[in-house]
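Heads up, protein38.pdb below (PDB, C-alpha atoms):
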```pdb
ATOM      1  CA  GLN K   1       9.555  36.118   1.804
ATOM      2  CA  LYS K   2       9.149  35.016   5.408
ATOM      3  CA  GLU K   3       6.026  33.057   6.272
ATOM      4  CA  VAL K   4       4.942  35.667   8.834
ATOM      5  CA  GLU K   5       5.776  39.363   8.624
ATOM      6  CA  GLN K   6       5.409  41.733  11.552
ATOM      7  CA  ASP K   7       6.583  45.333  11.865
ATOM      8  CA  PRO K   8       9.085  45.371  14.748
ATOM      9  CA  GLY K   9       8.357  48.983  15.703
ATOM     10  CA  PRO K  10       9.084  50.364  18.198
ATOM     11  CA  LEU K  11       5.625  51.792  18.646
ATOM     12  CA  SER K  12       5.197  54.554  21.218
ATOM     13  CA  VAL K  13       1.762  55.790  22.290
ATOM     14  CA  PRO K  14       0.338  57.860  25.167
ATOM     15  CA  GLU K  15      -1.740  56.235  27.859
ATOM     16  CA  GLY K  16      -5.351  55.777  26.780
ATOM     17  CA  ALA K  17      -4.581  55.476  23.065
ATOM     18  CA  ILE K  18      -5.921  52.741  20.825
ATOM     19  CA  VAL K  19      -3.117  50.513  19.586
ATOM     20  CA  SER K  20      -3.225  48.513  16.376
ATOM     21  CA  LEU K  21      -0.758  45.687  15.812
ATOM     22  CA  ASN K  22      -0.666  43.686  12.593
ATOM     23  CA  CYS K  23       0.821  40.655  10.899
ATOM     24  CA  THR K  24       0.664  39.344   7.371
ATOM     25  CA  TYR K  25       1.333  35.782   6.327
ATOM     26  CA  SER K  26       1.842  33.799   3.170
ATOM     27  CA  ASN K  27       0.799  30.218   4.050
ATOM     28  CA  SER K  28      -2.892  29.758   3.268
ATOM     29  CA  ALA K  29      -2.907  26.552   5.362
ATOM     30  CA  PHE K  30      -2.718  28.524   8.596
ATOM     31  CA  GLN K  31      -5.973  28.141  10.514
ATOM     32  CA  TYR K  32      -5.099  29.014  14.104
ATOM     33  CA  PHE K  33      -3.965  32.488  15.047
ATOM     34  CA  MET K  34      -2.608  33.704  18.351
ATOM     35  CA  TRP K  35      -1.235  36.800  19.961
ATOM     36  CA  TYR K  36       1.333  36.531  22.722
ATOM     37  CA  ARG K  37       2.688  39.264  24.973
ATOM     38  CA  GLN K  38       6.263  39.053  26.181
ATOM     39  CA  TYR K  39       7.701  41.234  28.894
ATOM     40  CA  SER K  40      11.438  41.736  29.087
ATOM     41  CA  ARG K  41      13.272  38.614  30.249
ATOM     42  CA  LYS K  42      10.040  36.583  30.493
ATOM     43  CA  GLY K  43       8.421  33.877  28.415
ATOM     44  CA  PRO K  44       5.560  34.714  26.017
ATOM     45  CA  GLU K  45       2.098  34.876  27.585
ATOM     46  CA  LEU K  46      -0.951  33.920  25.513
ATOM     47  CA  LEU K  47      -3.326  36.860  25.030
ATOM     48  CA  MET K  48      -5.747  35.855  22.295
ATOM     49  CA  TYR K  49      -6.531  32.719  20.318
ATOM     50  CA  THR K  50      -8.659  32.683  17.151
ATOM     51  CA  TYR K  51      -9.640  29.913  14.788
ATOM     52  CA  SER K  52     -10.139  30.822  11.117
ATOM     53  CA  SER K  53     -11.546  34.233  10.140
ATOM     54  CA  GLY K  54     -13.475  36.616  12.335
ATOM     55  CA  ASN K  55     -13.208  38.772  15.419
ATOM     56  CA  LYS K  56     -12.699  37.901  19.054
ATOM     57  CA  GLU K  57     -12.915  40.299  21.974
ATOM     58  CA  ASP K  58     -11.561  39.923  25.495
ATOM     59  CA  GLY K  59     -11.712  42.983  27.690
ATOM     60  CA  ARG K  60      -9.587  45.715  26.155
ATOM     61  CA  PHE K  61      -8.207  43.357  23.487
ATOM     62  CA  THR K  62      -9.764  42.544  20.108
ATOM     63  CA  ALA K  63      -8.244  40.114  17.632
ATOM     64  CA  GLN K  64      -9.231  40.109  13.966
ATOM     65  CA  VAL K  65      -8.397  37.564  11.298
ATOM     66  CA  ASP K  66      -8.940  38.131   7.581
ATOM     67  CA  LYS K  67      -7.908  34.929   5.838
ATOM     68  CA  SER K  68      -8.801  36.259   2.399
ATOM     69  CA  SER K  69      -6.161  38.976   2.825
ATOM     70  CA  LYS K  70      -3.846  36.832   4.976
ATOM     71  CA  TYR K  71      -3.857  39.592   7.572
ATOM     72  CA  ILE K  72      -4.373  39.526  11.327
ATOM     73  CA  SER K  73      -4.667  42.367  13.807
ATOM     74  CA  LEU K  74      -4.699  42.977  17.531
ATOM     75  CA  PHE K  75      -6.339  46.104  18.892
ATOM     76  CA  ILE K  76      -5.720  47.357  22.418
ATOM     77  CA  ARG K  77      -8.190  49.923  23.732
ATOM     78  CA  ASP K  78      -7.431  52.363  26.550
ATOM     79  CA  SER K  79      -3.773  51.335  26.540
ATOM     80  CA  GLN K  80      -1.964  51.347  29.879
ATOM     81  CA  PRO K  81       1.736  51.633  30.795
ATOM     82  CA  SER K  82       1.505  47.993  31.922
ATOM     83  CA  ASP K  83       0.800  47.080  28.272
ATOM     84  CA  SER K  84       4.381  48.052  27.406
ATOM     85  CA  ALA K  85       5.861  44.815  26.078
ATOM     86  CA  THR K  86       6.668  42.969  22.881
ATOM     87  CA  TYR K  87       3.643  41.549  21.077
ATOM     88  CA  LEU K  88       4.139  38.443  18.995
ATOM     89  CA  CYS K  89       1.720  37.057  16.471
ATOM     90  CA  ALA K  90       1.801  33.301  15.956
ATOM     91  CA  MET K  91      -0.034  30.922  13.697
ATOM     92  CA  SER K  92      -0.263  27.265  12.856
ATOM     93  CA  ALA K  93      -1.850  24.758  10.519
ATOM     94  CA  TRP K  94      -2.821  22.023  12.945
ATOM     95  CA  GLY K  95      -4.264  18.771  11.786
ATOM     96  CA  ASN K  96      -3.304  15.150  11.376
ATOM     97  CA  GLN K  97      -0.989  15.955   8.491
ATOM     98  CA  ALA K  98       0.402  19.155   9.910
ATOM     99  CA  GLY K  99       2.662  19.704  12.843
ATOM    100  CA  THR K 100       1.906  21.633  15.946
ATOM    101  CA  ALA K 101       4.697  24.112  15.349
ATOM    102  CA  LEU K 102       3.831  27.724  15.935
ATOM    103  CA  ILE K 103       5.241  30.123  13.367
ATOM    104  CA  PHE K 104       5.943  33.488  14.941
ATOM    105  CA  GLY K 105       6.323  37.009  13.705
ATOM    106  CA  LYS K 106       9.392  38.786  15.034
ATOM    107  CA  GLY K 107       7.319  40.852  17.435
ATOM    108  CA  THR K 108       6.359  44.507  17.790
ATOM    109  CA  THR K 109       7.763  46.441  20.746
ATOM    110  CA  LEU K 110       5.102  48.691  22.299
ATOM    111  CA  SER K 111       5.752  51.484  24.777
ATOM    112  CA  VAL K 112       2.837  53.227  26.506
ATOM    113  CA  SER K 113       3.754  56.431  28.298
ATOM    114  CA  SER K 114       1.802  57.846  31.240
TER     115      SER K 114
ATOM    116  CA  LYS L   1      -2.184  25.021  38.652
ATOM    117  CA  ALA L   2       1.564  25.478  38.350
ATOM    118  CA  GLY L   3       2.859  26.788  35.046
ATOM    119  CA  VAL L   4       5.627  25.514  32.830
ATOM    120  CA  THR L   5       8.968  25.442  34.613
ATOM    121  CA  GLN L   6      12.406  25.459  33.044
ATOM    122  CA  THR L   7      15.796  24.847  34.581
ATOM    123  CA  PRO L   8      18.310  26.263  34.737
ATOM    124  CA  ARG L   9      17.286  29.858  34.071
ATOM    125  CA  TYR L  10      20.749  30.983  33.023
ATOM    126  CA  LEU L  11      23.764  29.180  31.628
ATOM    127  CA  ILE L  12      27.196  30.190  30.439
ATOM    128  CA  LYS L  13      29.137  27.711  28.332
ATOM    129  CA  THR L  14      32.140  27.794  26.032
ATOM    130  CA  ARG L  15      32.325  26.764  22.395
ATOM    131  CA  GLY L  16      32.529  23.021  21.876
ATOM    132  CA  GLN L  17      30.808  22.123  25.118
ATOM    133  CA  GLN L  18      27.395  20.538  25.350
ATOM    134  CA  VAL L  19      24.384  21.587  27.382
ATOM    135  CA  THR L  20      21.165  20.004  28.641
ATOM    136  CA  LEU L  21      18.071  22.050  29.414
ATOM    137  CA  SER L  22      15.042  20.790  31.287
ATOM    138  CA  CYS L  23      11.325  21.548  31.010
ATOM    139  CA  SER L  24       8.423  20.448  33.216
ATOM    140  CA  PRO L  25       5.033  20.964  31.541
ATOM    141  CA  ILE L  26       1.756  21.977  33.116
ATOM    142  CA  SER L  27       0.183  19.047  34.920
ATOM    143  CA  GLY L  28      -1.923  17.025  32.484
ATOM    144  CA  HIS L  29      -0.186  18.380  29.396
ATOM    145  CA  ARG L  30       1.392  15.686  27.266
ATOM    146  CA  SER L  31       2.976  17.763  24.520
ATOM    147  CA  VAL L  32       6.181  19.746  24.947
ATOM    148  CA  SER L  33       7.597  21.981  22.244
ATOM    149  CA  TRP L  34      10.945  23.758  22.223
ATOM    150  CA  TYR L  35      11.725  27.092  20.610
ATOM    151  CA  GLN L  36      14.841  29.200  20.176
ATOM    152  CA  GLN L  37      14.529  32.979  20.448
ATOM    153  CA  THR L  38      17.223  35.328  19.169
ATOM    154  CA  PRO L  39      17.094  39.051  18.336
ATOM    155  CA  GLY L  40      17.881  38.355  14.697
ATOM    156  CA  GLN L  41      15.626  35.402  13.943
ATOM    157  CA  GLY L  42      12.908  35.762  16.563
ATOM    158  CA  LEU L  43      11.172  32.661  17.861
ATOM    159  CA  GLN L  44      11.905  29.525  15.877
ATOM    160  CA  PHE L  45      10.463  26.064  16.394
ATOM    161  CA  LEU L  46      12.955  23.341  17.300
ATOM    162  CA  PHE L  47      10.866  20.219  17.930
ATOM    163  CA  GLU L  48       7.820  18.805  19.659
ATOM    164  CA  TYR L  49       7.485  15.714  21.811
ATOM    165  CA  PHE L  50       4.299  13.861  22.618
ATOM    166  CA  SER L  51       4.074  10.596  24.550
ATOM    167  CA  GLU L  52       7.863  10.261  24.570
ATOM    168  CA  THR L  53       8.033  10.485  20.749
ATOM    169  CA  GLN L  54       9.218  13.335  18.570
ATOM    170  CA  ARG L  55       6.122  14.373  16.643
ATOM    171  CA  ASN L  56       7.437  17.343  14.716
ATOM    172  CA  LYS L  57      10.821  18.873  13.975
ATOM    173  CA  GLY L  58      11.992  22.271  12.822
ATOM    174  CA  ASN L  59      14.890  23.172  10.591
ATOM    175  CA  PHE L  60      17.803  22.924  13.016
ATOM    176  CA  PRO L  61      21.006  20.865  12.757
ATOM    177  CA  GLY L  62      21.345  17.479  14.399
ATOM    178  CA  ARG L  63      23.373  19.023  17.222
ATOM    179  CA  PHE L  64      20.004  19.927  18.695
ATOM    180  CA  SER L  65      18.184  16.961  20.152
ATOM    181  CA  GLY L  66      15.596  16.244  22.762
ATOM    182  CA  ARG L  67      13.682  13.615  24.594
ATOM    183  CA  GLN L  68      10.593  13.242  26.694
ATOM    184  CA  PHE L  69      10.067  11.074  29.738
ATOM    185  CA  SER L  70       7.007   9.097  30.790
ATOM    186  CA  ASN L  71       5.954  11.913  33.147
ATOM    187  CA  SER L  72       5.967  14.315  30.144
ATOM    188  CA  ARG L  73       9.035  16.199  31.382
ATOM    189  CA  SER L  74      11.378  16.989  28.533
ATOM    190  CA  GLU L  75      15.039  17.707  28.055
ATOM    191  CA  MET L  76      16.809  19.421  25.209
ATOM    192  CA  ASN L  77      20.464  18.850  24.433
ATOM    193  CA  VAL L  78      22.808  20.921  22.303
ATOM    194  CA  SER L  79      26.163  19.376  21.506
ATOM    195  CA  THR L  80      29.311  21.066  20.225
ATOM    196  CA  LEU L  81      28.087  24.537  21.116
ATOM    197  CA  GLU L  82      28.677  27.407  18.721
ATOM    198  CA  LEU L  83      28.630  31.142  19.440
ATOM    199  CA  GLY L  84      25.428  31.394  17.410
ATOM    200  CA  ASP L  85      23.639  29.092  19.826
ATOM    201  CA  SER L  86      23.469  31.927  22.351
ATOM    202  CA  ALA L  87      19.741  32.482  22.752
ATOM    203  CA  LEU L  88      16.711  32.217  24.968
ATOM    204  CA  TYR L  89      15.417  28.658  24.823
ATOM    205  CA  LEU L  90      11.722  28.398  25.517
ATOM    206  CA  CYS L  91       9.607  25.386  26.132
ATOM    207  CA  ALA L  92       5.852  25.324  25.717
ATOM    208  CA  SER L  93       3.347  22.730  26.821
ATOM    209  CA  SER L  94      -0.098  21.839  25.552
ATOM    210  CA  LEU L  95      -2.640  19.082  25.985
ATOM    211  CA  GLY L  96      -1.433  17.430  22.812
ATOM    212  CA  ASP L  97      -4.794  16.102  21.684
ATOM    213  CA  ARG L  98      -4.949  18.578  18.767
ATOM    214  CA  SER L  99      -8.484  19.649  19.644
ATOM    215  CA  GLN L 100      -7.337  23.074  20.697
ATOM    216  CA  GLU L 101      -3.596  23.318  20.774
ATOM    217  CA  THR L 102      -3.064  26.338  22.977
ATOM    218  CA  GLN L 103       0.576  26.415  23.948
ATOM    219  CA  TYR L 104       1.760  27.840  27.262
ATOM    220  CA  PHE L 105       5.327  28.982  27.573
ATOM    221  CA  GLY L 106       7.805  28.742  30.401
ATOM    222  CA  PRO L 107      10.158  31.566  31.405
ATOM    223  CA  GLY L 108      12.990  30.211  29.277
ATOM    224  CA  THR L 109      16.641  29.326  29.771
ATOM    225  CA  ARG L 110      19.050  32.028  28.679
ATOM    226  CA  LEU L 111      22.179  30.415  27.221
ATOM    227  CA  LEU L 112      25.349  32.379  26.574
ATOM    228  CA  VAL L 113      28.097  30.666  24.601
ATOM    229  CA  LEU L 114      31.568  32.235  24.914
TER     230      LEU L 114
END
```

Show me, as structure tokens, the structure contained in the file I just sent.
Amino acid sequence: QKEVEQDPGPLSVPEGAIVSLNCTYSNSAFQYFMWYRQYSRKGPELLMYTYSSGNKEDGRFTAQVDKSSKYISLFIRDSQPSDSATYLCAMSAWGNQAGTALIFGKGTTLSVSS
Amino acid sequence: KAGVTQTPRYLIKTRGQQVTLSCSPISGHRSVSWYQQTPGQGLQFLFEYFSETQRNKGNFPGRFSGRQFSNSRSEMNVSTLELGDSALYLCASSLGDRSQETQYFGPGTRLLVL
């Protein structure tokens, strides 16, 4: 079992739809959770950063972390064609004894049609 | 503030050769991490450098090495290239103080090994 599992999609939605992207993980030491967006032939761009469990909202994006279920989600409201990209979840167990390595899911490819 | 820069952006090499990739972090960032991205394996952590010292290392063979200079710029070297080393190599920088380790990625160097 991989440490982080993410459905690769592709996921196709019409403009204006609500998109739900998810990852599950197995390492209970993970405390920091991130979502990155990667456009074709570009580096990943940080979208959301969450520490421990809970929700975080930023504009049209909402990140949720449920540590008890080892499950994280990213919701995109009012999706736009410009949201078409690959979305990567990433997580880490930072601390003096842990490294700063980010462990990534394989990414979900999202296509929003106008 | 300028982002993370990587040079060169594209490289073509043949099996057995070696290659050196360069990364300049965001000004003030002291930590540089390197990742390999392939369609099959996704993003995988190679190593992290902080204050010219390797602080963390992923599960890659010794052919992959790196170093960091006093100005925080980092280089990654791959010796005896194999076909499977063809990938997008990404570098990410962060403050490095482990208070909030948000990592910012560069555009990557796309390496093709023939």

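One distance worth recording is that between atom CA of His29 of chain L and atom CA of Phe69 of chain L, which is 12.6 Å.
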
**Message:** What are the residues of chain L lining chain K at 12 Å or less? Count all atoms listed in the file, and put the answer as a PyMOL selection string.
**Reply:** chain L and resi 3-6+9-10+31-50+54-59+87-110

In file coordinates, which residues lie within 8 Å of (-0.6, 43.1, 12.7) using all atoms listed in the file, given as a PDB file with C-alpha atoms, in the frame of the given file?
```pdb
ATOM      1  CA  GLN K   6       5.409  41.733  11.552  1.00  0.00           C
ATOM      2  CA  ASP K   7       6.583  45.333  11.865  1.00  0.00           C
ATOM      3  CA  SER K  20      -3.225  48.513  16.376  1.00  0.00           C
ATOM      4  CA  LEU K  21      -0.758  45.687  15.812  1.00  0.00           C
ATOM      5  CA  ASN K  22      -0.666  43.686  12.593  1.00  0.00           C
ATOM      6  CA  CYS K  23       0.821  40.655  10.899  1.00  0.00           C
ATOM      7  CA  THR K  24       0.664  39.344   7.371  1.00  0.00           C
ATOM      8  CA  TYR K  71      -3.857  39.592   7.572  1.00  0.00           C
ATOM      9  CA  ILE K  72      -4.373  39.526  11.327  1.00  0.00           C
ATOM     10  CA  SER K  73      -4.667  42.367  13.807  1.00  0.00           C
ATOM     11  CA  LEU K  74      -4.699  42.977  17.531  1.00  0.00           C
ATOM     12  CA  CYS K  89       1.720  37.057  16.471  1.00  0.00           C
TER      13      CYS K  89
END
```

Restrict the output to segment 16-27 of chain L and all heavy atoms, then write it as an mmCIF file, in the first residue's frame.
```
data_model
loop_
_atom_site.group_PDB
_atom_site.id
_atom_site.type_symbol
_atom_site.label_atom_id
_atom_site.label_comp_id
_atom_site.auth_asym_id
_atom_site.auth_seq_id
_atom_site.Cartn_x
_atom_site.Cartn_y
_atom_site.Cartn_z
ATOM 1 N N GLY L 16 24.816 6.676 -19.730
ATOM 2 C CA GLY L 16 26.194 6.652 -19.284
ATOM 3 C C GLY L 16 26.777 8.023 -18.988
ATOM 4 O O GLY L 16 27.778 8.126 -18.273
ATOM 5 N N GLN L 17 26.166 9.059 -19.550
ATOM 6 C CA GLN L 17 26.670 10.401 -19.279
ATOM 7 C C GLN L 17 26.250 10.849 -17.883
ATOM 8 O O GLN L 17 25.493 10.163 -17.184
ATOM 9 C CB GLN L 17 26.123 11.393 -20.318
ATOM 10 C CG GLN L 17 26.731 11.264 -21.688
ATOM 11 C CD GLN L 17 26.273 12.370 -22.620
ATOM 12 O OE1 GLN L 17 25.065 12.645 -22.754
ATOM 13 N NE2 GLN L 17 27.219 13.034 -23.280
ATOM 14 N N GLN L 18 26.767 11.986 -17.479
ATOM 15 C CA GLN L 18 26.341 12.585 -16.224
ATOM 16 C C GLN L 18 25.749 13.962 -16.501
ATOM 17 O O GLN L 18 25.972 14.550 -17.567
ATOM 18 C CB GLN L 18 27.491 12.681 -15.224
ATOM 19 C CG GLN L 18 28.494 13.777 -15.514
ATOM 20 C CD GLN L 18 29.384 14.068 -14.304
ATOM 21 O OE1 GLN L 18 29.433 13.316 -13.335
ATOM 22 N NE2 GLN L 18 30.099 15.162 -14.359
ATOM 23 N N VAL L 19 24.973 14.455 -15.514
ATOM 24 C CA VAL L 19 24.305 15.731 -15.719
ATOM 25 C C VAL L 19 24.275 16.500 -14.394
ATOM 26 O O VAL L 19 24.217 15.898 -13.319
ATOM 27 C CB VAL L 19 22.874 15.507 -16.254
ATOM 28 C CG1 VAL L 19 21.991 14.810 -15.210
ATOM 29 C CG2 VAL L 19 22.244 16.800 -16.708
ATOM 30 N N THR L 20 24.354 17.809 -14.505
ATOM 31 C CA THR L 20 24.255 18.680 -13.320
ATOM 32 C C THR L 20 23.139 19.690 -13.536
ATOM 33 O O THR L 20 23.111 20.364 -14.570
ATOM 34 C CB THR L 20 25.579 19.425 -13.064
ATOM 35 O OG1 THR L 20 26.611 18.470 -12.817
ATOM 36 C CG2 THR L 20 25.444 20.330 -11.845
ATOM 37 N N LEU L 21 22.235 19.755 -12.583
ATOM 38 C CA LEU L 21 21.109 20.678 -12.632
ATOM 39 C C LEU L 21 21.277 21.714 -11.524
ATOM 40 O O LEU L 21 21.796 21.398 -10.448
ATOM 41 C CB LEU L 21 19.784 19.935 -12.430
ATOM 42 C CG LEU L 21 19.580 18.641 -13.229
ATOM 43 C CD1 LEU L 21 18.213 18.042 -12.913
ATOM 44 C CD2 LEU L 21 19.725 18.902 -14.719
ATOM 45 N N SER L 22 20.793 22.924 -11.789
ATOM 46 C CA SER L 22 20.991 24.003 -10.843
ATOM 47 C C SER L 22 19.665 24.578 -10.367
ATOM 48 O O SER L 22 18.691 24.615 -11.125
ATOM 49 C CB SER L 22 21.834 25.107 -11.484
ATOM 50 O OG SER L 22 22.038 26.168 -10.580
ATOM 51 N N CYS L 23 19.642 25.031 -9.120
ATOM 52 C CA CYS L 23 18.435 25.609 -8.530
ATOM 53 C C CYS L 23 18.813 26.819 -7.684
ATOM 54 O O CYS L 23 19.689 26.736 -6.822
ATOM 55 C CB CYS L 23 17.750 24.558 -7.668
ATOM 56 S SG CYS L 23 16.373 25.200 -6.673
ATOM 57 N N SER L 24 18.138 27.943 -7.927
ATOM 58 C CA SER L 24 18.304 29.127 -7.079
ATOM 59 C C SER L 24 17.020 29.350 -6.299
ATOM 60 O O SER L 24 15.956 29.545 -6.900
ATOM 61 C CB SER L 24 18.620 30.359 -7.938
ATOM 62 O OG SER L 24 19.888 30.237 -8.527
ATOM 63 N N PRO L 25 17.087 29.299 -4.957
ATOM 64 C CA PRO L 25 15.868 29.417 -4.156
ATOM 65 C C PRO L 25 15.376 30.850 -4.074
ATOM 66 O O PRO L 25 16.061 31.781 -4.493
ATOM 67 C CB PRO L 25 16.324 28.913 -2.785
ATOM 68 C CG PRO L 25 17.774 29.269 -2.721
ATOM 69 C CD PRO L 25 18.281 29.123 -4.126
ATOM 70 N N ILE L 26 14.190 30.993 -3.505
ATOM 71 C CA ILE L 26 13.648 32.320 -3.217
ATOM 72 C C ILE L 26 14.583 33.016 -2.225
ATOM 73 O O ILE L 26 15.100 32.365 -1.297
ATOM 74 C CB ILE L 26 12.226 32.193 -2.645
ATOM 75 C CG1 ILE L 26 11.278 31.670 -3.733
ATOM 76 C CG2 ILE L 26 11.723 33.510 -2.084
ATOM 77 C CD1 ILE L 26 9.906 31.287 -3.233
ATOM 78 N N SER L 27 14.774 34.300 -2.416
ATOM 79 C CA SER L 27 15.661 35.047 -1.535
ATOM 80 C C SER L 27 15.225 34.900 -0.078
ATOM 81 O O SER L 27 14.048 35.071 0.259
ATOM 82 C CB SER L 27 15.633 36.530 -1.937
ATOM 83 O OG SER L 27 16.422 37.299 -1.064
#
```
